[in-house]
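First up is the structure itself, then whatever we jot down about it.
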Amino acid sequence: MRKMLRAIAKKIRHIWRQYKFMGDFQTFKKKSNDGRFSVEWKNRYPCLDDNTKTTGFDRHYLYHPAWAARILAETKPAEHVDISSTLNFSTMLSAFVPVHFYDFRPADVRLSNLKSSAANIVDLPFDDSSVKSISCMHVVEHIGLGRYGDPIDPEGDLKAFKELDRVLAKDGNLLFVVPVGKPRIMFNAHRIYSYEQVLEYFSGLRLVSFALISERPEDGGLNDVATGKDVSEQNYGCGCFWFKKAA
């Protein structure tokens with residue numbers, strides 16, 4: 001019953017927005033007296049869901065690039081390698097740091113200070129201990145699930161962990177982000193890891209800092225003093241790990 005009532009309420013809101021759109025169009029047309037633009041019903045392009053009290057955003061994908069950018073502003077690498085993170089991050093970062101972006105599905109993006117190439121995270125095209133600054137954010141949880149055309153492999157994520165560890169240079173920095181909470185696989189979307197799992201898989205690296213993006217907006221924004229206990233209370237949080245390899 002509750003589900004049905006929600007569906008009815010959603011339908012009523014949609015109908016109301018359509019009527020409001022028609023009224024707004026007529027009002028705008030009547031007020032358009034300067035002749036700068038033709039206002040024709042045939043050119044309508046309804047955007048009915050943007051009239052909100054606040055600006056909405058995806059908490060994971062807004063906060064984790066902001067977290068990484070702040071660390072890179074601190075570490076000031078001469079160049080940076082990103083493995084398949086959200087492309088917006090690399091394009092923005094390339095305004096300040098030379099960036100080489102790699103993805104299983106290469107991106108045809110063309111900007112100064114940015115290179116884009118194909119790569120498979122389970123077989124990265126780098127020598128051992130050769131990359132001083134690398135990020136891989138909201139990526140490894142997908143590896144081996146076939147979502148992006150990659151081969152089905154239950155251990156695909158473990159191979160990715162090992163590759164990131166292998167290529168990271170001594171005294172190098174790895175910025176790593178995955179969903180965290182109660183460990184499970186949401187096939188074929190993603191895996192969710194415990195805090196302890198991530199530390200175990202990168203046991204050869206030193207954790208410099210950890211930040212948590214809670215699934216609950218009321219918890220605030222980026223929690224940079226979070227603990228493993230905080231993670232265990234999450235269903236689908238976002239864990240941001242800054243690792244460093246010993247010199």
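Within each chain, counting starts at residue 1; across the structure tokens, chains are named A, B, ... in the order shown, with ligands numbered 1 upward in that order.
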Per residue of range 133-168 of chain A within 12 Å of range 55-66 of chain A, what are the shortest atom pair and its distance in Å to one decimal, counting only C-alpha atoms, with rows by chain and residue number, as a Markdown table?
```
| residue | atom | partner | partner_atom | distance |
| --- | --- | --- | --- | --- |
| A:Ser135 | CA | A:Pro65 | CA | 10.1 |
| A:Cys136 | CA | A:Pro65 | CA | 10.7 |
| A:Met137 | CA | A:His64 | CA | 7.8 |
| A:His138 | CA | A:Tyr61 | CA | 8.7 |
| A:Val139 | CA | A:Tyr61 | CA | 12.0 |
```
Please list as an mmCIF file with N, CA and C atoms, in the first residue's frame every residue within 8 Å of range 201-212 of chain A, counting only C-alpha atoms and excluding residues in the same chain fewer than 4 positions away.
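Output file out_29.cif is given in full below:
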```
data_model
loop_
_atom_site.group_PDB
_atom_site.id
_atom_site.type_symbol
_atom_site.label_atom_id
_atom_site.label_comp_id
_atom_site.auth_asym_id
_atom_site.auth_seq_id
_atom_site.Cartn_x
_atom_site.Cartn_y
_atom_site.Cartn_z
ATOM 1 N N LEU A 158 41.215 -8.401 -6.816
ATOM 2 C CA LEU A 158 42.462 -8.724 -6.124
ATOM 3 C C LEU A 158 43.664 -8.517 -7.040
ATOM 4 N N PHE A 161 44.307 -4.781 -7.101
ATOM 5 C CA PHE A 161 45.018 -4.353 -5.892
ATOM 6 C C PHE A 161 46.519 -4.618 -6.039
ATOM 7 N N LYS A 162 46.864 -5.814 -6.497
ATOM 8 C CA LYS A 162 48.270 -6.199 -6.620
ATOM 9 C C LYS A 162 49.001 -5.344 -7.654
ATOM 10 N N ASP A 165 49.734 -1.856 -6.252
ATOM 11 C CA ASP A 165 50.854 -1.986 -5.320
ATOM 12 C C ASP A 165 52.166 -2.155 -6.090
ATOM 13 N N GLN A 197 39.417 -5.073 5.015
ATOM 14 C CA GLN A 197 39.773 -5.723 3.755
ATOM 15 C C GLN A 197 40.737 -4.864 2.942
ATOM 16 N N LEU A 222 32.761 15.421 4.193
ATOM 17 C CA LEU A 222 33.917 14.532 4.203
ATOM 18 C C LEU A 222 34.442 14.397 5.633
ATOM 19 N N ASN A 223 34.392 13.195 6.167
ATOM 20 C CA ASN A 223 34.873 12.942 7.530
ATOM 21 C C ASN A 223 36.308 12.431 7.463
ATOM 22 N N ASP A 224 37.268 13.307 7.748
ATOM 23 C CA ASP A 224 38.675 12.921 7.619
ATOM 24 C C ASP A 224 39.279 12.433 8.931
ATOM 25 N N VAL A 225 38.429 12.166 9.914
ATOM 26 C CA VAL A 225 38.905 11.539 11.153
ATOM 27 C C VAL A 225 38.112 10.255 11.414
ATOM 28 N N ALA A 226 37.624 9.640 10.355
ATOM 29 C CA ALA A 226 36.812 8.433 10.475
ATOM 30 C C ALA A 226 37.667 7.240 10.867
ATOM 31 N N THR A 227 37.017 6.219 11.400
ATOM 32 C CA THR A 227 37.688 4.999 11.833
ATOM 33 C C THR A 227 37.017 3.787 11.190
ATOM 34 N N VAL A 231 33.081 2.865 9.504
ATOM 35 C CA VAL A 231 32.817 2.146 8.258
ATOM 36 C C VAL A 231 31.851 0.994 8.498
ATOM 37 N N GLY A 237 28.863 3.330 2.126
ATOM 38 C CA GLY A 237 29.643 4.544 2.273
ATOM 39 C C GLY A 237 30.729 4.602 1.210
ATOM 40 N N CYS A 238 31.564 5.612 1.294
ATOM 41 C CA CYS A 238 32.656 5.786 0.329
ATOM 42 C C CYS A 238 33.946 5.999 1.118
ATOM 43 N N GLY A 239 34.890 5.062 0.969
ATOM 44 C CA GLY A 239 36.144 5.135 1.703
ATOM 45 C C GLY A 239 37.269 5.706 0.860
ATOM 46 N N CYS A 240 37.945 6.698 1.379
ATOM 47 C CA CYS A 240 39.034 7.389 0.666
ATOM 48 C C CYS A 240 40.350 7.124 1.406
ATOM 49 N N PHE A 241 41.233 6.358 0.796
ATOM 50 C CA PHE A 241 42.473 5.902 1.432
ATOM 51 C C PHE A 241 43.683 6.538 0.744
ATOM 52 N N TRP A 242 44.529 7.188 1.525
ATOM 53 C CA TRP A 242 45.793 7.699 1.005
ATOM 54 C C TRP A 242 46.896 6.767 1.512
ATOM 55 N N PHE A 243 47.498 6.026 0.571
ATOM 56 C CA PHE A 243 48.571 5.099 0.894
ATOM 57 C C PHE A 243 49.907 5.609 0.382
ATOM 58 N N LYS A 244 50.965 5.166 1.047
ATOM 59 C CA LYS A 244 52.318 5.523 0.647
ATOM 60 C C LYS A 244 53.193 4.281 0.735
ATOM 61 N N LYS A 245 54.121 4.130 -0.234
ATOM 62 C CA LYS A 245 55.036 3.005 -0.214
ATOM 63 C C LYS A 245 56.347 3.446 0.459
ATOM 64 N N ALA A 246 56.878 2.588 1.294
ATOM 65 C CA ALA A 246 58.109 2.931 2.018
ATOM 66 C C ALA A 246 59.241 3.248 1.051
#
```
### Task
Assign secondary structure with DSSP using the backbone only, and return the residues of range 91-206 of chain A in helix (DSSP H, G or I) as a ChimeraX atom specification.
/A:91-93,140-142,156-167,195-201
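Assigned to strand (DSSP E) in range 64-98 of chain A, given DSSP computed from backbone atoms, are His80, Val81, Asp82 and Ile83 of chain A.
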Listing only residues of range 171-210 of chain A within 12 Å of range 85-105 of chain A, what is the closest atom pair and its distance in Å (to one decimal) for each, using only C-alpha atoms, sorted by chain and residue number ascending, as a tab-separated table?
```
residue	atom	partner	partner_atom	distance
A:Leu175	CA	A:Ser85	CA	10.5
A:Phe176	CA	A:Ser85	CA	9.7
A:Val177	CA	A:Ser85	CA	9.1
A:Val178	CA	A:Ser85	CA	10.7
```
### Task
For CA of Ala160 in chain A and CA of Ile121 in chain A, quote the distance in Å rounded to one decimal.
5.6 Å
### Query
CA of Met186 in chain A and CA of Lys229 in chain A are how many Å apart?
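According to the coordinates, CA of Met186 in chain A and CA of Lys229 in chain A are separated by 22.2 Å.
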### Task
Within 12 Å of Asp49 in chain A, counting only C-alpha atoms, which residues show up once you throw out same-chain ones fewer than 4 positions away? Write them as a list of chain:residue names, please.
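Listed by chain and then number, they are A:Lys10, A:Arg13, A:His14, A:Ile15, A:Trp16, A:Arg17, A:Gln18, A:Lys20, A:Phe21, A:Lys53, A:Thr55, A:Gly56.
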Please write the residues from the selection above to a file, keeping C-alpha atoms, as an mmCIF file, in the first residue's frame.
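Output contents, as saved in selection22.cif:
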```
data_model
loop_
_atom_site.group_PDB
_atom_site.id
_atom_site.type_symbol
_atom_site.label_atom_id
_atom_site.label_comp_id
_atom_site.auth_asym_id
_atom_site.auth_seq_id
_atom_site.Cartn_x
_atom_site.Cartn_y
_atom_site.Cartn_z
ATOM 1 C CA LYS A 10 4.824 10.892 -7.839
ATOM 2 C CA ARG A 13 3.567 15.796 -8.821
ATOM 3 C CA HIS A 14 4.434 15.104 -12.458
ATOM 4 C CA ILE A 15 0.997 16.211 -13.668
ATOM 5 C CA TRP A 16 1.211 19.372 -11.541
ATOM 6 C CA ARG A 17 4.635 20.178 -12.997
ATOM 7 C CA GLN A 18 3.285 19.778 -16.531
ATOM 8 C CA LYS A 20 2.899 24.644 -14.217
ATOM 9 C CA PHE A 21 5.179 24.360 -17.249
ATOM 10 C CA LYS A 53 14.984 23.876 -2.609
ATOM 11 C CA THR A 55 21.109 21.785 -5.360
ATOM 12 C CA GLY A 56 21.328 18.019 -5.347
#
```
### Query
Counting only C-alpha atoms, what is within 8 Å of Leu168 in chain A, bar same-chain residues fewer than 2 positions away, as JSON, numbers by chain?
{"A": [128, 129, 130, 131, 132, 133, 134, 164, 165, 166, 170, 172, 173, 174, 245]}
### Query
Which polymer residues have any atom within 10 Å of an atom of range 146-151 of chain A, counting only C-alpha atoms, with same-chain residues fewer than 4 positions away left out, as an MDAnalysis selection string?
chainID A and resid 104:105 120 142 156 187:190
#### Entry: CA of Arg70 in chain A to CA of Asp108 in chain A, straight-line distance in Å
26.6 Å
